[in-house]
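Visitor: Just passing along the structure, written as structure tokens.
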Amino acid sequence: MILPRRTFPSTPSMLLVVMTMISYFFALSSPLLSTPTIESAMFLGMFLAPFSFIAGASRGALKHRNGLLHDLTREGTWVFAPVAFYLFLLLLKSFFVQSCSPGSGVIPFLLIIVPQLSLSLVTGIVLGRMIGHVRAATIIGLIVLGLYLALQGFLWWLNPSLRFFDMYWFLFLGDLLKGQALEPAVIAYRISALFYVGLIVSLGIRWKRRTTQAWAVLFFLIGGVSMHLNSKSKIAPAIAERQRDYPDELKQGLVTIHTNFTEVGKTHAEGIMQEAHFWLSRLQNRTGLEPKKQINIWVYQNGDSLARHTGARNIHYALPTHREIHIVGAQVPHPVLGHELAHIILGEVSNTVWKVPGVFRLLPNWGLSEGLATYLTPELSLQDHLTDLEIASAFDQLGLLKHPETLLEADFGSFWFQSSRRGYTASAALLGAYINSRCSTDSCRSEEVVNLASAGRVSFAKSFLKDYRLQLGEMPLPPYALPVVSSHFSKDSILAATCVDGQQVQIKPKEESLVQRADILARQGLFSEALARYNQIPLLEQPIHKQREITIKKAMLKDTPYAKAALELLTTPQKNWVEKAADYGKLGFFLRQPSTENLSFDYASYLLARLEIQTGNFYIGQSLMPSYLTGPIGQEARRLLGIAQAQTGQIKSAIVMFELLESRAERPADKIWFRDLKERAEAMARGEKYLLGVWTDK
């Protein structure tokens, strides 16, 4: 057979070069994707793998007389020459910028992309040689590719998780908030693709001896299949394994809890059930929506178990399509369950196939989705006694996020290019201001939330954005707001972050080193020097819990047994629970002795009472807790007393306590916090006994 001239490069071959340039253009603004990392290899492979398959089919359809190996060599040049150039550009960029990926380097990059493209190419060549007509091979190749991706999507649908991976197209192994490490199972999975390449080549070339070919085929077949199946089971265990690890169920109404009573505790599971119904009632009041189908909540023992079964290493998450929620821990109040239930509720009116707000039926609007869920659950987004709007104001004043409206654009990157914590808070604050600008009643706000979720997009008038920025710039903030927000929210998304030795550069607050030096002096009994150090710390610029801690430390700088015991507790770092229990026992012993001290003795009593209440000894905690303390310490003392009262059957007293705290609270965040506690106590009066915590599991 004589090949016609100028047959190649084919259109798919040229498109490989074009797609390489396009992918680099999209990756250029992200250190993670524009330097040699596992993620940049995954990103490039997503662009090139389909075109490698089609280019291989076009090449193979000509049936060159020198056989499959010739086609693989020739078309492989068109596939891997752009990859080599792309890698050169990534290396060039890495001299100036270092990403934060744990899988950085040339070897991880090549291990991810070379097997993927090789398998796509050789499979395409075999398909083309079977068909023998370039145009038909291209069309059939596109059909086969579409059917393959549809099959992979269907298989994911049967066992949904945060993973989506296959041999040919994509390798998405989890939430990736901290990047993807080059784990042994991932290496084995990619090497198994090379075994399949070896298998296909062994079958497609001529051998001098058939026995040699048979042994080669057997080697690549057994090695590839065994490595593939073994690594796949380690990357993503089957759903049957999850059901075996978490076999127990608890059902009430439309909610089913899946967990392991031995590991998590049945009483704690009942607490999560009450928490779920408490939030469903709240969300129905705030949106006018109610769930119509079963909601399944998987409660995992720890983060490692969640990561193993779902790929979620750093987050809890909901799948509104399947009405599933996956969370770690059974503590009540739960820090995220209400937020995830909000996603399920909003899914009732969302117009995408994923049941999240979005456009064109397929494209999620992540900023709108997360922003609405956060807006509907303000009790869960409080940070150091600051509301979402106050934190957004701090973002604006610190220059952390100048254009929050971009977070709510319906595209793939605008929201996730910010750090997730910053994005959730800023989008919720903006949506809250937008809804309040259009509504003055709760019913109107509920309707507006539903309309936004249904539309999947939101547009802001220039006048509104101008007023919103003015509001953020002029909002009065407590002195600690800017330092606290800078400390907690300045870290960038891994997509945008640059690192040194794999860590984002963060400046250690000056006050932190002052506290450490003062603690050392206090333990040494140099009280006047320690007091001088503590006084150098701008107290009002510290988070509220730090203000309480420093205030108590200063009060304990005296030569009395209970004060020394309290200082030992507060200033000695990294003690285990056994040592801490011994220290608390020592403090309790000294507090039983008569003392003429007033404030310092009360602070020491507060420390011991706080421990007793937090560990479920409510009667002892109530008897020890001073009820007349003032300031942040007094506020916390009364909150703990309210919890103790609720847990010992004094529900009415607890409700009165939380109402008092709400009425006296000066910060908007504190009003939200104490209102939440009051509503939980009221629900406890109706029989929901675990809504303020589960301390026992009998």
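For the structure tokens, the naming scheme is as follows: chains receive sequential letters (A, B, ...) according to their order of presentation, residues are indexed from 1 within each chain, and ligands are indexed from 1 in presentation order.
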Using only C-alpha atoms, find each residue of region 343-441 of chain A with at least one atom at most 10 Å away from an atom of region 292-305 of chain A; report its shortest atom-to-atom pair and that distance in Å (one decimal), sort the rows by chain and rising residue number, and return the result as JSON lines.
Guide:
{"residue": "A:Ile344", "atom": "CA", "partner": "A:Ile295", "partner_atom": "CA", "distance": 8.2}
{"residue": "A:Ile345", "atom": "CA", "partner": "A:Lys292", "partner_atom": "CA", "distance": 9.3}
{"residue": "A:Glu348", "atom": "CA", "partner": "A:Lys292", "partner_atom": "CA", "distance": 8.2}
Visitor: Produce a file of the selected residues containing C-alpha atoms, as a compact mmCIF listing (two decimals), in the first residue's frame.
Guide:
# COMPACT_ATOMS: atom_id res chain seq x y z
CA ILE A 344 -30.34 19.66 49.83
CA ILE A 345 -33.25 22.06 50.40
CA GLU A 348 -35.60 21.27 45.43
Visitor: Each residue of region 136-219 of chain A lying at most 10 Å from region 319-338 of chain A should get a row with its shortest atom-to-atom pair and the distance in Å to one decimal, counting only C-alpha atoms; could you produce that, ordered by chain and increasing number, as CSV?
Guide:
residue,atom,partner,partner_atom,distance
A:Trp157,CA,A:His322,CA,8.6
A:Leu158,CA,A:His322,CA,9.6
A:Asn159,CA,A:His322,CA,9.8
A:Pro160,CA,A:Leu319,CA,8.1
A:Ser161,CA,A:Leu319,CA,8.2
A:Leu162,CA,A:Leu319,CA,9.3
Visitor: Please save N, CA, C and O atoms of the selected residues as a PDB file, in the first residue's frame.
Guide:
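Writing the result to selection.pdb gives the following:
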ATOM      1  N   TRP A 157     -22.453   7.755  38.938  1.00  0.00           N
ATOM      2  CA  TRP A 157     -23.788   8.015  39.473  1.00  0.00           C
ATOM      3  C   TRP A 157     -24.251   6.893  40.390  1.00  0.00           C
ATOM      4  O   TRP A 157     -24.953   7.133  41.372  1.00  0.00           O
ATOM      5  N   LEU A 158     -23.837   5.665  40.079  1.00  0.00           N
ATOM      6  CA  LEU A 158     -24.228   4.527  40.908  1.00  0.00           C
ATOM      7  C   LEU A 158     -23.548   4.550  42.269  1.00  0.00           C
ATOM      8  O   LEU A 158     -24.098   4.046  43.247  1.00  0.00           O
ATOM      9  N   ASN A 159     -22.352   5.110  42.340  1.00  0.00           N
ATOM     10  CA  ASN A 159     -21.607   5.197  43.594  1.00  0.00           C
ATOM     11  C   ASN A 159     -20.934   6.560  43.666  1.00  0.00           C
ATOM     12  O   ASN A 159     -19.726   6.700  43.482  1.00  0.00           O
ATOM     13  N   PRO A 160     -21.720   7.620  43.917  1.00  0.00           N
ATOM     14  CA  PRO A 160     -21.178   8.983  43.840  1.00  0.00           C
ATOM     15  C   PRO A 160     -20.223   9.286  44.989  1.00  0.00           C
ATOM     16  O   PRO A 160     -20.385   8.806  46.103  1.00  0.00           O
ATOM     17  N   SER A 161     -19.224  10.091  44.696  1.00  0.00           N
ATOM     18  CA  SER A 161     -18.268  10.538  45.707  1.00  0.00           C
ATOM     19  C   SER A 161     -17.580  11.782  45.157  1.00  0.00           C
ATOM     20  O   SER A 161     -17.970  12.315  44.110  1.00  0.00           O
ATOM     21  N   LEU A 162     -16.550  12.250  45.847  1.00  0.00           N
ATOM     22  CA  LEU A 162     -15.770  13.377  45.329  1.00  0.00           C
ATOM     23  C   LEU A 162     -14.655  12.909  44.405  1.00  0.00           C
ATOM     24  O   LEU A 162     -13.786  13.689  44.043  1.00  0.00           O
TER      25      LEU A 162
END
Visitor: Just checking: using only C-alpha atoms, which residue out of A:Thr551, A:Asn617, A:Ser120, A:Ser419 ends up closest to Thr630 (chain A)?
Guide: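 Selected residue with least distance to Thr630 (chain A): A:Thr551.
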Visitor: Tell me which of A:His488, A:His316, A:Arg639, A:His277 sits closest to Ile391 (chain A), counting only C-alpha atoms.
Guide: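 Answer, going by the shortest atom-to-atom distance: A:His488.
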Visitor: Would you mind telling me which residue in A:Arg163, A:Lys546, A:Lys564, A:Lys232 lies nearest to Ala185 (chain A) when using only C-alpha atoms?
Guide: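 Nearest candidate to Ala185 (chain A) out of A:Arg163, A:Lys546, A:Lys564, A:Lys232: A:Lys232.
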Visitor: Would you please extract all strand (DSSP E or B) residues from region 292-511 of chain A, as assigned by DSSP on the backbone, and give them as a list in words?
Guide: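 Filtering region 292-511 of chain A to strand (DSSP E or B) leaves Ile295, Asn296, Ile297, Trp298, Val299, Tyr300, Tyr317, Ala318, Leu319, Glu324, Ile325, His326, Ile327, Val328, Gly358, Val359, Leu363, Pro364, Gln383, Leu386, Cys499, Val500, Gln503 and Gln504 of chain A.
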Visitor: When DSSP works through the backbone of this structure, what residues of region 450-605 of chain A end up as helix (DSSP H, G or I), shown as number ranges by chain?
Guide: A: 450-455, 462-474, 481-489, 510-523, 527-536, 539-541, 544-555, 561-571, 577-591, 599-605
Visitor: Within 12 Å of region 19-30 of chain A, which residues of region 92-191 of chain A come that close, and what is the closest atom pair and distance in Å for each? Count only C-alpha atoms and give it as a tab-separated table.
Guide:
residue	atom	partner	partner_atom	distance
A:Leu92	CA	A:Leu28	CA	11.9
A:Lys93	CA	A:Leu28	CA	9.1
A:Ser94	CA	A:Ser30	CA	11.6
A:Val97	CA	A:Ser30	CA	9.8
A:Gln98	CA	A:Ser30	CA	10.4
A:Ser99	CA	A:Ser30	CA	8.5
A:Cys100	CA	A:Ser30	CA	10.8
A:Ser101	CA	A:Ser30	CA	11.6
Visitor: Work out how far CA of Ile38 (chain A) is from CA of Ile107 (chain A), in Å to one decimal.
Guide: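 If I compute the distance from CA of Ile107 (chain A) to CA of Ile38 (chain A), I get 9.1 Å.
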Visitor: When you look at Phe460 (chain A) with a cut-off of 12 Å (counting only C-alpha atoms), what residues show up, excluding the ones that are within fewer than 6 positions of it in the same chain? I need them as a ChimeraX atom specification.
Guide: /A:403-406,408-409,430-431,433-435,437-438,466-468
Visitor: Need the shell around region 137-146 of chain A: protein/DNA/RNA residues with any atom at most 12 Å away, counting only C-alpha atoms. Skip same-chain ones fewer than 4 positions apart. Format as JSON, numbers by chain?
Guide: {"A": [10, 11, 12, 13, 49, 50, 51, 52, 53, 54, 55, 56, 57, 58, 59, 60, 61, 62, 63, 120, 121, 123, 124, 125, 126, 127, 128, 129, 130, 131, 132, 133, 150, 151, 152, 153, 168, 169]}
Visitor: Keeping only C-alpha atoms, take the residues you just selected and write them out as a short mmCIF file (atom, residue, chain, number, x, y, z; two decimals), in the first residue's frame.
Guide:
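Result went into result32.cif, see below:
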data_model
loop_
_atom_site.label_atom_id
_atom_site.label_comp_id
_atom_site.auth_asym_id
_atom_site.auth_seq_id
_atom_site.Cartn_x
_atom_site.Cartn_y
_atom_site.Cartn_z
CA SER A 10 -4.13 15.40 10.26
CA THR A 11 -6.57 17.85 11.77
CA PRO A 12 -6.64 15.98 15.12
CA SER A 13 -2.83 15.97 15.15
CA ALA A 49 -6.44 12.67 26.01
CA PRO A 50 -9.57 12.88 23.81
CA PHE A 51 -7.60 14.39 20.92
CA SER A 52 -4.87 11.77 21.32
CA PHE A 53 -7.52 9.08 20.88
CA ILE A 54 -9.02 10.72 17.78
CA ALA A 55 -5.58 11.49 16.30
CA GLY A 56 -4.62 7.85 16.82
CA ALA A 57 -7.80 6.70 15.07
CA SER A 58 -7.08 8.98 12.10
CA ARG A 59 -3.51 7.70 11.84
CA GLY A 60 -4.48 4.04 12.24
CA ALA A 61 -7.20 4.27 9.57
CA LEU A 62 -4.51 4.58 6.86
CA LYS A 63 -3.16 1.13 7.78
CA SER A 120 -5.47 6.87 24.54
CA LEU A 121 -3.22 6.97 21.48
CA THR A 123 -6.38 2.48 21.57
CA GLY A 124 -7.27 5.05 18.94
CA ILE A 125 -4.77 3.55 16.49
CA VAL A 126 -6.24 0.07 16.93
CA LEU A 127 -9.76 1.40 16.35
CA GLY A 128 -8.62 3.25 13.22
CA ARG A 129 -6.86 0.21 11.79
CA MET A 130 -10.00 -1.84 12.36
CA ILE A 131 -12.14 0.67 10.43
CA GLY A 132 -9.71 1.55 7.64
CA HIS A 133 -11.29 4.87 6.62
CA ALA A 150 -21.33 8.52 29.38
CA LEU A 151 -20.59 5.08 30.81
CA GLN A 152 -18.08 6.53 33.26
CA GLY A 153 -20.62 9.13 34.32
CA TYR A 168 -8.43 7.55 29.57
CA TRP A 169 -9.65 10.97 30.50
#
Visitor: Would you mind telling me which residue in A:Leu472, A:Ala428, A:Leu389, A:Val353 lies nearest to Ala373 (chain A) when using only C-alpha atoms?
Guide: A:Ala428
Visitor: Go through A:Ser202, A:Thr287, A:Ser420, A:Thr377 one by one, measure the shortest atom-to-atom distance of each to Cys444 (chain A) using only C-alpha atoms, and give the residue with the smallest value.
Guide: A:Thr287
